[in-house]
Amino acid sequence: MSSWMQRLAETEWSIALHESQYAYAIIESVHVWALCLSVGFAVLLDLRLLGFVLREVPVTHMIRRVLPWTKVGFAVMVVSGVLLLYAIPFRTYHSVFFRAKAILLVLAGLNAFAFHARTLRTVEAWDTLVAPPRAARLAGVASLLLWTAIVFSGRMIAYNWFDCGKRQPAVISAFAGCTPDMIDPYSQ
Amino acid sequence: MMLLPLFERLEASALGEAVRGSLWLFPVVEAFHLVGLAVIGGAILVVDFRLLGLTLRSHPVARLARDMQPWIVGSLVLMILSGIPLFLSEAIKCYYSFAFWVKMTALVGAVLFTFTFRRIVVGAPDGRFSPAWHRAVALMSIGLWSAVGWGGRWIGFSG
């Protein structure tokens, strides 16, 4: 995978995107804009599950009318995110923050899947309640924490504190998939 | 322009120095700024989308808007509180940044629009304002707040 990312980084289009004056910045702006739609609307659903907002809106209405927009926003996030990865593949692949973000995204997906597959099955009994049952509230809290952590780790990918080749604990290098031959260009 | 000496003083402020001198402070404060963006973006967009007829059409606009208002105010406070140290750490760069002035102009416009005109329209009972008014207000709101967000992101790309 690492060598594949290395080869990807050497392709013409990846270099062009990386060095472009506007394309990279525009893609990143789209990524930030879509954050409001995907995470912003997901937060609304989480807060509804906790009974903090939109208490008069049944949970099923949130799922049917608000959640689809979260998915639209998420699709834009994935497309723009893949392009950002494509522009800087090798370094990003070995970024501890990128790897943490990927793991957190999987956890957020599992949390959403468990909520839909299990908790939501009984929704008819608590659809209009201000405070849904504990399992639903826990799913909301987990989602809020996970998405906050995802935004944090995503923002930190821009920083090279733990890039391969830096002097750092072995556990960090292992997590980043660093090999001894990798040299940090900024510490030379 | 007489603003430059002021911006120089602001950059030299203790808070500005502290953020500039720290490896972690700027990114961490900026991450909070981004989380705040997601919340304020969601709280504003959900009402604008409702005005456009894109979501929760069976619920009165005024109800949704009243529910979202404290979240807009709260996240705006978070945005300003996190934005100030970010600005102070690079005030002179901001002074010369076109994106910064676009953002600040759009921010003043967006806040004024949201807390006066938009507030009147979304607070009115359904039927008081025509769907055309609703659409115009929603598009104006999305446009202004998007300009704030894009301007903010582009401060980081300049210089």
# chains A, B, ... in the order shown; residues from 1 in each chain; ligands from 1

call {"tool": "interface_residues", "arguments": {"of": "chain B", "to": "chain A", "cutoff": "8 Å", "atoms": "only C-alpha atoms", "output": "list of chain:residue names"}}
result
B:Pro27, B:Val28, B:Ala31, B:Phe32, B:Leu34, B:Val35, B:Leu37, B:Ala38, B:Val39, B:Ile40, B:Gly41, B:Gly42, B:Ala43, B:Leu45, B:Val46, B:Thr55, B:Leu56, B:His59, B:Leu64, B:Asp67, B:Met68, B:Ser146, B:Gly149, B:Trp150, B:Arg153, B:Trp154, B:Phe157

call {"tool": "residues_around", "arguments": {"residues": "Ile120 in chain B", "least_positions_apart": "5", "cutoff": "12 Å", "atoms": "only C-alpha atoms", "output": "PDB file with N, CA and C atoms, in the first residue's frame"}}
result
ATOM      1  N   VAL B  61     -42.024  26.894  10.095  1.00  0.00           N
ATOM      2  CA  VAL B  61     -40.703  27.527  10.063  1.00  0.00           C
ATOM      3  C   VAL B  61     -40.385  28.173  11.414  1.00  0.00           C
ATOM      4  N   ALA B  62     -41.380  28.871  11.984  1.00  0.00           N
ATOM      5  CA  ALA B  62     -41.134  29.637  13.209  1.00  0.00           C
ATOM      6  C   ALA B  62     -40.680  28.736  14.361  1.00  0.00           C
ATOM      7  N   ALA B  65     -37.069  27.697  13.682  1.00  0.00           N
ATOM      8  CA  ALA B  65     -36.179  28.850  13.857  1.00  0.00           C
ATOM      9  C   ALA B  65     -35.997  29.171  15.340  1.00  0.00           C
ATOM     10  N   ARG B  66     -37.102  29.096  16.100  1.00  0.00           N
ATOM     11  CA  ARG B  66     -37.011  29.396  17.531  1.00  0.00           C
ATOM     12  C   ARG B  66     -36.122  28.366  18.235  1.00  0.00           C
ATOM     13  N   LEU B 112     -25.890  40.885  10.686  1.00  0.00           N
ATOM     14  CA  LEU B 112     -26.974  41.870  10.594  1.00  0.00           C
ATOM     15  C   LEU B 112     -28.203  41.256   9.933  1.00  0.00           C
ATOM     16  N   PHE B 113     -27.984  40.564   8.823  1.00  0.00           N
ATOM     17  CA  PHE B 113     -29.091  39.970   8.079  1.00  0.00           C
ATOM     18  C   PHE B 113     -29.814  38.916   8.918  1.00  0.00           C
ATOM     19  N   THR B 114     -29.025  38.064   9.592  1.00  0.00           N
ATOM     20  CA  THR B 114     -29.610  36.961  10.359  1.00  0.00           C
ATOM     21  C   THR B 114     -30.429  37.460  11.543  1.00  0.00           C
ATOM     22  N   PHE B 115     -29.933  38.501  12.223  1.00  0.00           N
ATOM     23  CA  PHE B 115     -30.597  38.927  13.458  1.00  0.00           C
ATOM     24  C   PHE B 115     -31.622  40.042  13.244  1.00  0.00           C
ATOM     25  N   PRO B 125     -45.631  33.722  11.423  1.00  0.00           N
ATOM     26  CA  PRO B 125     -46.417  32.518  11.197  1.00  0.00           C
ATOM     27  C   PRO B 125     -46.406  32.143   9.710  1.00  0.00           C
ATOM     28  N   ASP B 126     -46.499  30.824   9.425  1.00  0.00           N
ATOM     29  CA  ASP B 126     -46.493  30.368   8.032  1.00  0.00           C
ATOM     30  C   ASP B 126     -47.602  31.058   7.250  1.00  0.00           C
ATOM     31  N   ARG B 128     -47.488  34.265   6.221  1.00  0.00           N
ATOM     32  CA  ARG B 128     -47.309  35.718   6.269  1.00  0.00           C
ATOM     33  C   ARG B 128     -46.417  36.182   5.115  1.00  0.00           C
ATOM     34  N   PHE B 129     -45.340  35.423   4.888  1.00  0.00           N
ATOM     35  CA  PHE B 129     -44.453  35.763   3.776  1.00  0.00           C
ATOM     36  C   PHE B 129     -44.588  34.699   2.684  1.00  0.00           C
ATOM     37  N   TRP B 133     -40.415  35.002  -0.972  1.00  0.00           N
ATOM     38  CA  TRP B 133     -39.664  35.674   0.094  1.00  0.00           C
ATOM     39  C   TRP B 133     -38.810  34.676   0.862  1.00  0.00           C
ATOM     40  N   HIS B 134     -39.418  33.529   1.183  1.00  0.00           N
ATOM     41  CA  HIS B 134     -38.680  32.483   1.900  1.00  0.00           C
ATOM     42  C   HIS B 134     -37.435  32.067   1.130  1.00  0.00           C
ATOM     43  N   VAL B 137     -34.759  34.873   1.152  1.00  0.00           N
ATOM     44  CA  VAL B 137     -34.073  34.984   2.448  1.00  0.00           C
ATOM     45  C   VAL B 137     -33.101  33.815   2.648  1.00  0.00           C
TER      46      VAL B 137
END

call {"tool": "atom_distance", "arguments": {"atom1": "CA of Glu19 in chain A", "atom2": "CA of Ile88 in chain A"}}
result
10.0 Å

call {"tool": "residues_around", "arguments": {"residues": "range 98-110 of chain B", "least_positions_apart": "5", "cutoff": "12 Å", "atoms": "only C-alpha atoms", "output": "count of residues only"}}
result
39

call {"tool": "select_by_dssp", "arguments": {"residues": "chain B", "states": "alpha helix (DSSP H)", "output": "ChimeraX atom specification"}}
result
/B:3-11,14-21,25-51,61-89,91-95,98-115,117-123,131-155

call {"tool": "atom_distance", "arguments": {"atom1": "CA of Val141 in chain A", "atom2": "CA of Gly53 in chain B"}}
result
29.2 Å

call {"tool": "atom_distance", "arguments": {"atom1": "CA of Ile72 in chain B", "atom2": "CA of Leu146 in chain A"}}
result
21.8 Å

call {"tool": "residues_around", "arguments": {"residues": "range 3-8 of chain B", "least_positions_apart": "2", "cutoff": "8 Å", "atoms": "only C-alpha atoms", "output": "PyMOL selection string"}}
result
chain B and resi 1+10-12+91-92+95

call {"tool": "write_last_selection", "arguments": {"atoms": "N, CA, C and O atoms", "output": "compact mmCIF listing (two decimals), in the first residue's frame"}}
result
# COMPACT_ATOMS: atom_id res chain seq x y z
N MET B 1 -3.02 53.64 5.51
CA MET B 1 -4.27 53.46 6.27
C MET B 1 -3.96 53.38 7.76
O MET B 1 -2.96 52.82 8.18
N LEU B 10 -2.16 44.74 17.96
CA LEU B 10 -2.91 43.52 18.27
C LEU B 10 -2.02 42.29 18.11
O LEU B 10 -2.08 41.36 18.91
N GLU B 11 -1.20 42.28 17.06
CA GLU B 11 -0.30 41.14 16.84
C GLU B 11 0.69 41.01 17.99
O GLU B 11 1.09 39.90 18.35
N ALA B 12 1.07 42.15 18.58
CA ALA B 12 2.04 42.13 19.69
C ALA B 12 1.39 41.85 21.04
O ALA B 12 2.08 41.76 22.05
N ALA B 91 -2.25 38.98 13.08
CA ALA B 91 -3.06 40.16 12.73
C ALA B 91 -2.50 40.90 11.52
O ALA B 91 -3.26 41.37 10.67
N ILE B 92 -1.18 40.99 11.43
CA ILE B 92 -0.59 41.75 10.31
C ILE B 92 -0.81 41.00 8.99
O ILE B 92 -1.14 41.61 7.98
N TYR B 95 -4.22 41.72 7.99
CA TYR B 95 -4.37 43.08 7.46
C TYR B 95 -4.12 43.10 5.95
O TYR B 95 -4.81 43.77 5.20

call {"tool": "closest_residue", "arguments": {"among": "B:Gln69, B:Ser58, B:Ser22, B:Ser13", "to": "Val122 in chain B", "atoms": "only C-alpha atoms"}}
result
B:Gln69

call {"tool": "residues_around", "arguments": {"residues": "range 119-128 of chain A", "least_positions_apart": "2", "cutoff": "8 Å", "atoms": "only C-alpha atoms", "output": "list in words"}}
result
Arg55, Glu56, Val57, Pro58, Val59, Thr60, Ala114, Phe115, His116, Ala117, Val130, Pro132, Pro133, Ala135 and Ala136 of chain A

call {"tool": "write_last_selection", "arguments": {"atoms": "C-alpha atoms", "output": "PDB file, in the first residue's frame"}}
result
ATOM      1  CA  ARG A  55     -38.230  18.351  20.569  1.00  0.00           C
ATOM      2  CA  GLU A  56     -41.505  18.665  18.676  1.00  0.00           C
ATOM      3  CA  VAL A  57     -40.038  16.917  15.628  1.00  0.00           C
ATOM      4  CA  PRO A  58     -40.510  13.120  15.735  1.00  0.00           C
ATOM      5  CA  VAL A  59     -37.245  11.176  15.478  1.00  0.00           C
ATOM      6  CA  THR A  60     -38.527   9.429  12.337  1.00  0.00           C
ATOM      7  CA  ALA A 114     -25.865  -0.322  15.268  1.00  0.00           C
ATOM      8  CA  PHE A 115     -28.308   2.545  15.892  1.00  0.00           C
ATOM      9  CA  HIS A 116     -30.202   1.846  12.668  1.00  0.00           C
ATOM     10  CA  ALA A 117     -30.102  -1.930  12.891  1.00  0.00           C
ATOM     11  CA  VAL A 130     -38.522  14.423  24.119  1.00  0.00           C
ATOM     12  CA  PRO A 132     -35.631   8.749  23.674  1.00  0.00           C
ATOM     13  CA  PRO A 133     -34.417   5.590  25.489  1.00  0.00           C
ATOM     14  CA  ALA A 135     -29.520   3.317  23.895  1.00  0.00           C
ATOM     15  CA  ALA A 136     -30.580   6.082  21.493  1.00  0.00           C
TER      16      ALA A 136
END

call {"tool": "closest_residue", "arguments": {"among": "B:Val47, B:Val29, B:Ala132, B:Leu52", "to": "Leu78 in chain B", "atoms": "only C-alpha atoms"}}
result
B:Val29
